[in-house]
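Source file: coords.cif (mmCIF, C-alpha atoms and all ligand atoms; chains and numbers go by the auth columns)
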data_my_file
#
loop_
_atom_site.group_PDB
_atom_site.id
_atom_site.type_symbol
_atom_site.label_atom_id
_atom_site.label_comp_id
_atom_site.label_asym_id
_atom_site.label_seq_id
_atom_site.Cartn_x
_atom_site.Cartn_y
_atom_site.Cartn_z
_atom_site.B_iso_or_equiv
_atom_site.auth_seq_id
_atom_site.auth_asym_id
ATOM 1 C CA MET A 1 14.788 -4.059 -6.391 0.00 1 R
ATOM 2 C CA THR A 2 13.408 -4.926 -9.805 0.00 2 R
ATOM 3 C CA PHE A 3 9.678 -4.633 -9.928 0.00 3 R
ATOM 4 C CA ASN A 4 7.439 -7.625 -10.501 0.00 4 R
ATOM 5 C CA ARG A 5 3.754 -6.739 -10.408 0.00 5 R
ATOM 6 C CA ASN A 6 2.900 -10.018 -8.716 0.00 6 R
ATOM 7 C CA ILE A 7 4.051 -8.469 -5.449 0.00 7 R
ATOM 8 C CA LEU A 8 0.916 -6.297 -5.567 0.00 8 R
ATOM 9 C CA ARG A 9 -1.384 -9.291 -5.197 0.00 9 R
ATOM 10 C CA LYS A 10 -1.896 -9.161 -1.445 0.00 10 R
ATOM 11 C CA TYR A 11 -0.400 -5.893 -0.304 0.00 11 R
ATOM 12 C CA PHE A 12 -0.835 -5.280 3.416 0.00 12 R
ATOM 13 C CA ILE A 13 -0.580 -1.725 4.785 0.00 13 R
ATOM 14 C CA MET A 14 -0.265 -0.970 8.495 0.00 14 R
ATOM 15 C CA GLY A 15 0.981 1.342 11.201 0.00 15 R
ATOM 16 C CA SER A 16 0.741 0.970 14.962 0.00 16 R
ATOM 17 C CA GLN A 17 -2.342 3.239 14.937 0.00 17 R
ATOM 18 C CA ASN A 18 -4.214 0.537 13.022 0.00 18 R
ATOM 19 C CA CYS A 19 -3.543 -2.164 15.598 0.00 19 R
ATOM 20 C CA ASN A 20 -5.246 -2.957 18.863 0.00 20 R
ATOM 21 C CA ARG A 21 -2.333 -5.224 19.746 0.00 21 R
ATOM 22 C CA ASP A 22 1.402 -5.480 19.094 0.00 22 R
ATOM 23 C CA PRO A 23 2.005 -4.462 15.433 0.00 23 R
ATOM 24 C CA GLU A 24 4.940 -6.842 15.201 0.00 24 R
ATOM 25 C CA ALA A 25 2.663 -9.746 16.101 0.00 25 R
ATOM 26 C CA VAL A 26 0.101 -8.661 13.513 0.00 26 R
ATOM 27 C CA LEU A 27 2.736 -8.377 10.788 0.00 27 R
ATOM 28 C CA GLN A 28 4.251 -11.709 11.805 0.00 28 R
ATOM 29 C CA GLU A 29 0.918 -13.459 11.294 0.00 29 R
ATOM 30 C CA ALA A 30 0.303 -11.670 8.016 0.00 30 R
ATOM 31 C CA LEU A 31 3.742 -12.636 6.680 0.00 31 R
ATOM 32 C CA ALA A 32 3.327 -16.233 7.770 0.00 32 R
ATOM 33 C CA ALA A 33 -0.093 -16.237 6.102 0.00 33 R
ATOM 34 C CA GLY A 34 1.341 -15.194 2.750 0.00 34 R
ATOM 35 C CA ILE A 35 1.034 -11.455 2.108 0.00 35 R
ATOM 36 C CA THR A 36 3.084 -10.465 -0.939 0.00 36 R
ATOM 37 C CA ALA A 37 4.106 -6.919 0.083 0.00 37 R
ATOM 38 C CA PHE A 38 4.005 -4.715 3.172 0.00 38 R
ATOM 39 C CA GLN A 39 3.777 -0.942 3.558 0.00 39 R
ATOM 40 C CA PHE A 40 4.750 0.769 6.806 0.00 40 R
ATOM 41 C CA ARG A 41 2.224 3.593 7.082 0.00 41 R
ATOM 42 C CA GLU A 42 2.703 5.218 10.480 0.00 42 R
ATOM 43 C CA LYS A 43 0.327 8.108 10.053 0.00 43 R
ATOM 44 C CA GLY A 44 -2.739 9.866 11.466 0.00 44 R
ATOM 45 C CA SER A 45 -4.076 10.084 14.983 0.00 45 R
ATOM 46 C CA GLY A 46 -2.332 7.862 17.501 0.00 46 R
ATOM 47 C CA SER A 47 0.673 7.228 15.260 0.00 47 R
ATOM 48 C CA LEU A 48 4.232 7.177 16.570 0.00 48 R
ATOM 49 C CA GLN A 49 6.636 9.979 15.731 0.00 49 R
ATOM 50 C CA GLY A 50 10.390 10.480 15.537 0.00 50 R
ATOM 51 C CA GLU A 51 12.597 7.882 17.177 0.00 51 R
ATOM 52 C CA GLU A 52 9.679 5.631 18.183 0.00 52 R
ATOM 53 C CA LYS A 53 8.460 5.522 14.607 0.00 53 R
ATOM 54 C CA LEU A 54 11.953 4.744 13.356 0.00 54 R
ATOM 55 C CA GLN A 55 12.481 1.940 15.876 0.00 55 R
ATOM 56 C CA LEU A 56 9.167 0.285 15.025 0.00 56 R
ATOM 57 C CA GLY A 57 9.974 0.635 11.328 0.00 57 R
ATOM 58 C CA LYS A 58 13.310 -1.101 11.859 0.00 58 R
ATOM 59 C CA ARG A 59 11.660 -4.068 13.523 0.00 59 R
ATOM 60 C CA LEU A 60 8.951 -4.416 10.874 0.00 60 R
ATOM 61 C CA ARG A 61 11.562 -4.043 8.148 0.00 61 R
ATOM 62 C CA GLU A 62 13.552 -6.951 9.593 0.00 62 R
ATOM 63 C CA GLN A 63 10.465 -9.151 9.716 0.00 63 R
ATOM 64 C CA CYS A 64 9.851 -8.528 6.014 0.00 64 R
ATOM 65 C CA ARG A 65 13.474 -9.304 5.231 0.00 65 R
ATOM 66 C CA GLU A 66 13.153 -12.674 6.936 0.00 66 R
ATOM 67 C CA TYR A 67 10.193 -13.559 4.730 0.00 67 R
ATOM 68 C CA GLU A 68 11.704 -11.921 1.636 0.00 68 R
ATOM 69 C CA VAL A 69 8.582 -9.811 1.298 0.00 69 R
ATOM 70 C CA PRO A 70 9.089 -6.341 -0.236 0.00 70 R
ATOM 71 C CA PHE A 71 8.976 -3.547 2.357 0.00 71 R
ATOM 72 C CA PHE A 72 7.532 -0.166 1.435 0.00 72 R
ATOM 73 C CA VAL A 73 7.457 3.089 3.363 0.00 73 R
ATOM 74 C CA ASN A 74 4.567 5.520 3.021 0.00 74 R
ATOM 75 C CA ASP A 75 5.554 9.147 2.352 0.00 75 R
ATOM 76 C CA ASP A 76 8.587 9.363 4.638 0.00 76 R
ATOM 77 C CA ILE A 77 11.607 9.557 2.352 0.00 77 R
ATOM 78 C CA GLU A 78 14.145 9.758 5.158 0.00 78 R
ATOM 79 C CA ILE A 79 12.880 6.633 6.868 0.00 79 R
ATOM 80 C CA ALA A 80 12.686 4.838 3.536 0.00 80 R
ATOM 81 C CA GLU A 81 16.349 5.574 3.036 0.00 81 R
ATOM 82 C CA GLU A 82 17.403 4.727 6.566 0.00 82 R
ATOM 83 C CA LEU A 83 15.489 1.425 6.573 0.00 83 R
ATOM 84 C CA GLU A 84 16.713 0.482 3.096 0.00 84 R
ATOM 85 C CA ALA A 85 13.122 0.054 1.997 0.00 85 R
ATOM 86 C CA ASP A 86 12.482 -1.762 -1.258 0.00 86 R
ATOM 87 C CA GLY A 87 9.976 0.891 -2.204 0.00 87 R
ATOM 88 C CA ILE A 88 8.211 4.136 -1.401 0.00 88 R
ATOM 89 C CA HIS A 89 4.529 4.902 -1.758 0.00 89 R
ATOM 90 C CA VAL A 90 3.503 8.524 -2.080 0.00 90 R
ATOM 91 C CA GLY A 91 0.336 10.502 -2.564 0.00 91 R
ATOM 92 C CA GLN A 92 -0.317 13.522 -4.704 0.00 92 R
ATOM 93 C CA ASP A 93 0.700 15.965 -1.957 0.00 93 R
ATOM 94 C CA ASP A 94 4.003 14.356 -1.046 0.00 94 R
ATOM 95 C CA MET A 95 7.480 14.810 -2.496 0.00 95 R
ATOM 96 C CA PRO A 96 7.175 14.944 -6.304 0.00 96 R
ATOM 97 C CA VAL A 97 7.828 11.643 -8.031 0.00 97 R
ATOM 98 C CA GLU A 98 10.506 13.257 -10.212 0.00 98 R
ATOM 99 C CA GLU A 99 12.554 14.061 -7.097 0.00 99 R
ATOM 100 C CA ILE A 100 12.047 10.650 -5.557 0.00 100 R
ATOM 101 C CA ARG A 101 13.047 8.896 -8.779 0.00 101 R
ATOM 102 C CA ALA A 102 16.145 11.069 -9.084 0.00 102 R
ATOM 103 C CA LYS A 103 17.131 10.282 -5.493 0.00 103 R
ATOM 104 C CA PHE A 104 16.288 6.561 -5.647 0.00 104 R
ATOM 105 C CA PRO A 105 16.765 5.196 -9.164 0.00 105 R
ATOM 106 C CA ASP A 106 16.426 1.614 -7.919 0.00 106 R
ATOM 107 C CA LYS A 107 13.556 1.760 -5.478 0.00 107 R
ATOM 108 C CA ILE A 108 10.032 0.733 -6.378 0.00 108 R
ATOM 109 C CA ILE A 109 7.812 3.810 -6.473 0.00 109 R
ATOM 110 C CA GLY A 110 4.046 3.719 -6.040 0.00 110 R
ATOM 111 C CA LEU A 111 1.766 6.712 -6.501 0.00 111 R
ATOM 112 C CA SER A 112 -1.853 7.170 -5.403 0.00 112 R
ATOM 113 C CA ILE A 113 -4.250 8.213 -8.139 0.00 113 R
ATOM 114 C CA SER A 114 -7.826 9.118 -7.249 0.00 114 R
ATOM 115 C CA THR A 115 -9.109 11.186 -10.169 0.00 115 R
ATOM 116 C CA GLN A 116 -8.828 11.492 -13.945 0.00 116 R
ATOM 117 C CA GLU A 117 -7.043 14.809 -13.483 0.00 117 R
ATOM 118 C CA GLU A 118 -4.409 13.174 -11.270 0.00 118 R
ATOM 119 C CA LEU A 119 -4.059 10.396 -13.823 0.00 119 R
ATOM 120 C CA GLU A 120 -3.406 12.881 -16.601 0.00 120 R
ATOM 121 C CA GLN A 121 -1.046 15.103 -14.638 0.00 121 R
ATOM 122 C CA SER A 122 1.149 12.449 -13.018 0.00 122 R
ATOM 123 C CA PRO A 123 4.493 11.272 -14.428 0.00 123 R
ATOM 124 C CA LEU A 124 3.347 7.673 -14.845 0.00 124 R
ATOM 125 C CA ASP A 125 6.508 6.759 -16.742 0.00 125 R
ATOM 126 C CA LEU A 126 8.497 7.311 -13.522 0.00 126 R
ATOM 127 C CA VAL A 127 6.415 5.101 -11.229 0.00 127 R
ATOM 128 C CA ASP A 128 6.281 1.326 -11.018 0.00 128 R
ATOM 129 C CA TYR A 129 2.657 1.038 -9.967 0.00 129 R
ATOM 130 C CA ILE A 130 -0.327 3.163 -9.073 0.00 130 R
ATOM 131 C CA GLY A 131 -2.585 2.835 -6.030 0.00 131 R
ATOM 132 C CA VAL A 132 -6.133 3.337 -7.168 0.00 132 R
ATOM 133 C CA GLY A 133 -9.026 4.217 -4.903 0.00 133 R
ATOM 134 C CA PRO A 134 -10.783 4.480 -2.613 0.00 134 R
ATOM 135 C CA ILE A 135 -12.641 1.696 -4.407 0.00 135 R
ATOM 136 C CA PHE A 136 -15.085 1.087 -1.559 0.00 136 R
ATOM 137 C CA ALA A 137 -16.080 3.055 1.534 0.00 137 R
ATOM 138 C CA THR A 138 -13.375 3.146 4.193 0.00 138 R
ATOM 139 C CA SER A 139 -13.202 4.682 7.623 0.00 139 R
ATOM 140 C CA THR A 140 -9.517 3.860 8.072 0.00 140 R
ATOM 141 C CA LYS A 141 -8.090 6.941 6.352 0.00 141 R
ATOM 142 C CA GLU A 142 -9.246 10.152 7.984 0.00 142 R
ATOM 143 C CA ASP A 143 -8.909 12.286 4.855 0.00 143 R
ATOM 144 C CA ALA A 144 -9.875 9.667 2.287 0.00 144 R
ATOM 145 C CA LYS A 145 -11.153 11.043 -1.005 0.00 145 R
ATOM 146 C CA LYS A 146 -14.621 10.231 -2.259 0.00 146 R
ATOM 147 C CA VAL A 147 -15.355 6.624 -3.155 0.00 147 R
ATOM 148 C CA ALA A 148 -14.350 5.966 -6.747 0.00 148 R
ATOM 149 C CA GLY A 149 -15.924 2.531 -7.182 0.00 149 R
ATOM 150 C CA LEU A 150 -14.858 -0.425 -9.301 0.00 150 R
ATOM 151 C CA GLU A 151 -15.599 1.620 -12.405 0.00 151 R
ATOM 152 C CA TRP A 152 -12.500 3.691 -11.661 0.00 152 R
ATOM 153 C CA ILE A 153 -10.300 0.640 -12.171 0.00 153 R
ATOM 154 C CA HIS A 154 -11.996 -0.078 -15.518 0.00 154 R
ATOM 155 C CA THR A 155 -11.589 3.570 -16.517 0.00 155 R
ATOM 156 C CA ILE A 156 -7.834 3.496 -15.922 0.00 156 R
ATOM 157 C CA ARG A 157 -7.414 0.092 -17.559 0.00 157 R
ATOM 158 C CA ARG A 158 -9.117 1.303 -20.720 0.00 158 R
ATOM 159 C CA GLN A 159 -6.565 4.126 -20.998 0.00 159 R
ATOM 160 C CA PHE A 160 -3.451 2.282 -19.786 0.00 160 R
ATOM 161 C CA SER A 161 -3.673 -1.390 -20.628 0.00 161 R
ATOM 162 C CA ASP A 162 -0.275 -2.255 -19.146 0.00 162 R
ATOM 163 C CA ILE A 163 0.126 -0.076 -16.052 0.00 163 R
ATOM 164 C CA ALA A 164 0.460 -1.946 -12.737 0.00 164 R
ATOM 165 C CA ILE A 165 -2.577 -1.223 -10.569 0.00 165 R
ATOM 166 C CA VAL A 166 -3.233 -2.005 -6.924 0.00 166 R
ATOM 167 C CA ALA A 167 -6.737 -1.303 -5.623 0.00 167 R
ATOM 168 C CA ILE A 168 -7.151 0.366 -2.228 0.00 168 R
ATOM 169 C CA GLY A 169 -9.907 1.433 0.133 0.00 169 R
ATOM 170 C CA GLY A 170 -12.481 -0.814 1.745 0.00 170 R
ATOM 171 C CA ILE A 171 -10.972 -3.983 0.302 0.00 171 R
ATOM 172 C CA GLN A 172 -12.232 -6.957 2.302 0.00 172 R
ATOM 173 C CA THR A 173 -12.326 -10.717 1.785 0.00 173 R
ATOM 174 C CA GLU A 174 -15.805 -10.429 0.240 0.00 174 R
ATOM 175 C CA ASN A 175 -14.954 -7.874 -2.455 0.00 175 R
ATOM 176 C CA ALA A 176 -11.258 -8.383 -3.289 0.00 176 R
ATOM 177 C CA ARG A 177 -12.089 -10.585 -6.269 0.00 177 R
ATOM 178 C CA SER A 178 -14.237 -7.870 -7.837 0.00 178 R
ATOM 179 C CA ALA A 179 -11.263 -5.483 -7.871 0.00 179 R
ATOM 180 C CA ILE A 180 -9.124 -8.050 -9.695 0.00 180 R
ATOM 181 C CA GLU A 181 -11.934 -8.744 -12.146 0.00 181 R
ATOM 182 C CA ALA A 182 -12.187 -5.012 -12.814 0.00 182 R
ATOM 183 C CA GLY A 183 -8.550 -5.038 -13.935 0.00 183 R
ATOM 184 C CA ALA A 184 -6.386 -4.535 -10.837 0.00 184 R
ATOM 185 C CA ASP A 185 -3.170 -6.531 -10.527 0.00 185 R
ATOM 186 C CA GLY A 186 -3.602 -6.742 -6.779 0.00 186 R
ATOM 187 C CA VAL A 187 -5.413 -5.488 -3.704 0.00 187 R
ATOM 188 C CA SER A 188 -4.136 -3.490 -0.747 0.00 188 R
ATOM 189 C CA PHE A 189 -5.831 -3.403 2.606 0.00 189 R
ATOM 190 C CA ILE A 190 -5.519 -2.407 6.239 0.00 190 R
ATOM 191 C CA THR A 191 -8.517 -3.511 8.288 0.00 191 R
ATOM 192 C CA ALA A 192 -9.071 -6.700 6.291 0.00 192 R
ATOM 193 C CA ILE A 193 -6.067 -7.907 8.316 0.00 193 R
ATOM 194 C CA THR A 194 -5.863 -5.715 11.397 0.00 194 R
ATOM 195 C CA GLU A 195 -9.490 -6.504 12.281 0.00 195 R
ATOM 196 C CA ALA A 196 -9.536 -10.086 11.062 0.00 196 R
ATOM 197 C CA GLN A 197 -10.617 -12.804 13.486 0.00 197 R
ATOM 198 C CA ASP A 198 -8.175 -15.160 11.783 0.00 198 R
ATOM 199 C CA ILE A 199 -5.381 -13.570 9.734 0.00 199 R
ATOM 200 C CA GLN A 200 -4.399 -16.801 7.974 0.00 200 R
ATOM 201 C CA ASP A 201 -7.968 -17.293 6.847 0.00 201 R
ATOM 202 C CA ALA A 202 -8.292 -13.655 5.721 0.00 202 R
ATOM 203 C CA VAL A 203 -5.091 -13.758 3.645 0.00 203 R
ATOM 204 C CA ASP A 204 -6.116 -17.068 2.063 0.00 204 R
ATOM 205 C CA THR A 205 -9.494 -15.635 1.046 0.00 205 R
ATOM 206 C CA LEU A 206 -8.020 -12.352 -0.174 0.00 206 R
HETATM 207 N N1 LIG B . -5.730 5.234 1.006 0.00 301 R
HETATM 208 C C1 LIG B . -6.928 5.262 0.431 0.00 301 R
HETATM 209 S S1 LIG B . -8.073 4.415 1.350 0.00 301 R
HETATM 210 C C2 LIG B . -6.921 3.994 2.539 0.00 301 R
HETATM 211 C C3 LIG B . -5.693 4.541 2.185 0.00 301 R
HETATM 212 C C4 LIG B . -4.450 4.420 2.935 0.00 301 R
HETATM 213 C C5 LIG B . -7.257 3.202 3.747 0.00 301 R
HETATM 214 C C6 LIG B . -7.485 1.758 3.452 0.00 301 R
HETATM 215 O O1 LIG B . -7.858 1.098 4.641 0.00 301 R
HETATM 216 P P1 LIG B . -8.917 -0.097 4.626 0.00 301 R
HETATM 217 O O2 LIG B . -9.099 -0.463 6.075 0.00 301 R
HETATM 218 O O3 LIG B . -8.307 -1.211 3.860 0.00 301 R
HETATM 219 O O4 LIG B . -10.173 0.441 3.992 0.00 301 R
HETATM 220 MG MG MG B . 0.944 10.758 1.417 0.00 302 R
#
Can you present the structure in this file as structure tokens?
Amino acid sequence: MTFNRNILRKYFIMGSQNCNRDPEAVLQEALAAGITAFQFREKGSGSLQGEEKLQLGKRLREQCREYEVPFFVNDDIEIAEELEADGIHVGQDDMPVEEIRAKFPDKIIGLSISTQEELEQSPLDLVDYIGVGPIFATSTKEDAKKVAGLEWIHTIRRQFSDIAIVAIGGIQTENARSAIEAGADGVSFITAITEAQDIQDAVDTL
């Protein structure tokens, strides 16, 4: 899939461990409400493994297809391949971007960047976008790195005026705008949707 940075605008991330109800129902509401990308991130305590993970991924993948919303897989290269994901999002400790790019010349690749050192040492020319954070405090990711703040977005923008940036970590309806104003192309979020009283309203505000 060719990459258009507008898909980063309202980028919803979720696995079953983030939901207190049927993940398919949550994704359905989020898609109907207008999210612009989805990442299947089945990971951490309470997450599904093996065949159960694959089967859930297949169902969520189909939902995204119906809405023509790009479907990303977090970390899991095999599932990304099997589900014909549009893209893969990896962190610094996952399969090296060089290998992923060699294996999937046409998939969208996103890479998490949390520090200046990571920024300098990553093959940015091989990725389509970077995930930048955690911008605000989050309790969703068990091993989240230290809060980087909005200044981190400015810092990257000053060095790379054209790189596609999606902000992550603690993004909520109240602060999403500040991440865009700091220079992000879009915002990504878990609990802003999974814990929303009204998903349509949350997506509109985001
Ligand atoms: N990576 C950095 S923070 C985070 C991930 C996956 C969790 C984001 O969750 P929330 O609920 O939007 O803060
Ligand atoms: Mg990872």
Between chain R and ligand LIG 301 (chain R), at 7 Å or less, what are the per-residue closest atom pairs and their distances in Å? Count all atoms listed in the file, order by chain and rising residue number, and return it as a Markdown table.
| residue | atom | partner | partner_atom | distance |
| --- | --- | --- | --- | --- |
| R:Gly133 | CA | R:LIG301 | C1 | 5.8 |
| R:Pro134 | CA | R:LIG301 | S1 | 4.8 |
| R:Ala137 | CA | R:LIG301 | O4 | 6.9 |
| R:Thr138 | CA | R:LIG301 | O4 | 4.2 |
| R:Ser139 | CA | R:LIG301 | O4 | 6.4 |
| R:Thr140 | CA | R:LIG301 | O1 | 4.7 |
| R:Lys141 | CA | R:LIG301 | C5 | 4.6 |
| R:Ala144 | CA | R:LIG301 | C1 | 5.6 |
| R:Ile168 | CA | R:LIG301 | S1 | 5.5 |
| R:Gly169 | CA | R:LIG301 | S1 | 3.7 |
| R:Gly170 | CA | R:LIG301 | O4 | 3.5 |
| R:Ile171 | CA | R:LIG301 | O3 | 5.2 |
| R:Ser188 | CA | R:LIG301 | O3 | 6.6 |
| R:Phe189 | CA | R:LIG301 | O3 | 3.5 |
| R:Ile190 | CA | R:LIG301 | O3 | 3.9 |
| R:Thr191 | CA | R:LIG301 | O2 | 3.8 |
| R:Ala192 | CA | R:LIG301 | O3 | 6.1 |
With C-alpha atoms retained, could you export that selection as a short mmCIF file (atom, residue, chain, number, x, y, z; two decimals), in the coordinates of the input?
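After the write, selection36.cif holds the following:
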data_model
loop_
_atom_site.label_atom_id
_atom_site.label_comp_id
_atom_site.auth_asym_id
_atom_site.auth_seq_id
_atom_site.Cartn_x
_atom_site.Cartn_y
_atom_site.Cartn_z
CA GLY R 133 -9.03 4.22 -4.90
CA PRO R 134 -10.78 4.48 -2.61
CA ALA R 137 -16.08 3.06 1.53
CA THR R 138 -13.38 3.15 4.19
CA SER R 139 -13.20 4.68 7.62
CA THR R 140 -9.52 3.86 8.07
CA LYS R 141 -8.09 6.94 6.35
CA ALA R 144 -9.88 9.67 2.29
CA ILE R 168 -7.15 0.37 -2.23
CA GLY R 169 -9.91 1.43 0.13
CA GLY R 170 -12.48 -0.81 1.74
CA ILE R 171 -10.97 -3.98 0.30
CA SER R 188 -4.14 -3.49 -0.75
CA PHE R 189 -5.83 -3.40 2.61
CA ILE R 190 -5.52 -2.41 6.24
CA THR R 191 -8.52 -3.51 8.29
CA ALA R 192 -9.07 -6.70 6.29
#
Give me the residues of chain R that have any atom at most 12 Å from an atom of ligand MG 302 (chain R); for each, the nearest atom pair and the distance in Å, rounded to one decimal. Use only C-alpha atoms and all ligand atoms, sort by chain and number, and format it as a Markdown table.
| residue | atom | partner | partner_atom | distance |
| --- | --- | --- | --- | --- |
| R:Phe40 | CA | R:MG302 | MG | 12.0 |
| R:Arg41 | CA | R:MG302 | MG | 9.2 |
| R:Glu42 | CA | R:MG302 | MG | 10.8 |
| R:Lys43 | CA | R:MG302 | MG | 9.1 |
| R:Gly44 | CA | R:MG302 | MG | 10.7 |
| R:Val73 | CA | R:MG302 | MG | 10.2 |
| R:Asn74 | CA | R:MG302 | MG | 6.6 |
| R:Asp75 | CA | R:MG302 | MG | 5.0 |
| R:Asp76 | CA | R:MG302 | MG | 8.4 |
| R:Ile77 | CA | R:MG302 | MG | 10.8 |
| R:Ile88 | CA | R:MG302 | MG | 10.2 |
| R:His89 | CA | R:MG302 | MG | 7.6 |
| R:Val90 | CA | R:MG302 | MG | 4.9 |
| R:Gly91 | CA | R:MG302 | MG | 4.0 |
| R:Gln92 | CA | R:MG302 | MG | 6.8 |
| R:Asp93 | CA | R:MG302 | MG | 6.2 |
| R:Asp94 | CA | R:MG302 | MG | 5.3 |
| R:Met95 | CA | R:MG302 | MG | 8.6 |
| R:Pro96 | CA | R:MG302 | MG | 10.8 |
| R:Val97 | CA | R:MG302 | MG | 11.7 |
| R:Gly110 | CA | R:MG302 | MG | 10.7 |
| R:Leu111 | CA | R:MG302 | MG | 8.9 |
| R:Ser112 | CA | R:MG302 | MG | 8.2 |
| R:Ile113 | CA | R:MG302 | MG | 11.2 |
| R:Gly131 | CA | R:MG302 | MG | 11.4 |
| R:Lys141 | CA | R:MG302 | MG | 11.0 |
| R:Asp143 | CA | R:MG302 | MG | 10.5 |
| R:Ala144 | CA | R:MG302 | MG | 10.9 |
> Exactly which residues make up the result of the PyMOL selection byres (((chain R and resi 187) around 8) and not hetatm) on this file, given as a ChimeraX atom specification?
Replying inline: /R:8-11,166-168,171,176,179-180,184-186,188-189
> Using the chain letters and numbers from the file, which residues does the PyMOL selection byres (((chain R and resi 104-106) around 12) and not hetatm) grab, as an MDAnalysis selection string?
Replying inline: chainID R and resid 1:3 77:78 80:81 84:88 97:103 107:109 126:128
> So how many Å separate CA of Gly15 in chain R and CA of Tyr129 in chain R, to one decimal?
Replying inline: 21.2 Å
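With distances restricted to all atoms listed in the file, R:Leu56 is the closest residue to Asp22 in chain R from R:Thr205, R:Arg158, R:Glu181, R:Leu56.
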>> Just to confirm, what's the straight-line distance from CA of Ile199 in chain R to CA of Val69 in chain R in Å (one decimal)?
In response: 16.7 Å
> Of the candidates R:Ile193, R:Gly149, R:Asp125, R:Asp204, which shows the shortest atom-to-atom distance to Leu27 in chain R, using all atoms listed in the file?
Replying inline: R:Ile193
Mind completing range 132-147 of chain R with N, CA and C atoms? Output as a CSV table (one decimal), keeping the file's coordinate frame, please?
chain,number,residue,atom,x,y,z
R,132,VAL,N,-4.9,2.8,-6.6
R,132,VAL,CA,-6.1,3.3,-7.2
R,132,VAL,C,-7.3,3.2,-6.2
R,133,GLY,N,-7.9,4.3,-5.8
R,133,GLY,CA,-9.0,4.2,-4.9
R,133,GLY,C,-9.5,5.6,-4.4
R,134,PRO,N,-10.2,5.6,-3.3
R,134,PRO,CA,-10.8,4.5,-2.6
R,134,PRO,C,-11.9,3.8,-3.4
R,135,ILE,N,-11.7,2.5,-3.6
R,135,ILE,CA,-12.6,1.7,-4.4
R,135,ILE,C,-14.0,1.5,-3.7
R,136,PHE,N,-13.9,1.2,-2.4
R,136,PHE,CA,-15.1,1.1,-1.6
R,136,PHE,C,-15.0,2.0,-0.4
R,137,ALA,N,-16.1,2.2,0.4
R,137,ALA,CA,-16.1,3.1,1.5
R,137,ALA,C,-15.1,2.6,2.6
R,138,THR,N,-14.3,3.5,3.2
R,138,THR,CA,-13.4,3.1,4.2
R,138,THR,C,-13.5,4.2,5.3
R,139,SER,N,-13.3,3.7,6.5
R,139,SER,CA,-13.2,4.7,7.6
R,139,SER,C,-11.8,4.7,8.2
R,140,THR,N,-10.9,4.0,7.5
R,140,THR,CA,-9.5,3.9,8.1
R,140,THR,C,-8.7,5.1,7.8
R,141,LYS,N,-8.9,5.7,6.7
R,141,LYS,CA,-8.1,6.9,6.4
R,141,LYS,C,-9.0,8.2,6.6
R,142,GLU,N,-8.4,9.0,7.5
R,142,GLU,CA,-9.2,10.2,8.0
R,142,GLU,C,-9.6,11.1,6.9
R,143,ASP,N,-8.7,11.3,5.9
R,143,ASP,CA,-8.9,12.3,4.9
R,143,ASP,C,-9.1,11.6,3.5
R,144,ALA,N,-9.7,10.4,3.5
R,144,ALA,CA,-9.9,9.7,2.3
R,144,ALA,C,-10.7,10.5,1.3
R,145,LYS,N,-10.4,10.4,0.0
R,145,LYS,CA,-11.2,11.0,-1.0
R,145,LYS,C,-12.5,10.3,-1.2
R,146,LYS,N,-13.3,10.8,-2.1
R,146,LYS,CA,-14.6,10.2,-2.3
R,146,LYS,C,-14.5,8.9,-3.0
R,147,VAL,N,-15.4,8.0,-2.6
R,147,VAL,CA,-15.4,6.6,-3.2
R,147,VAL,C,-15.4,6.6,-4.7
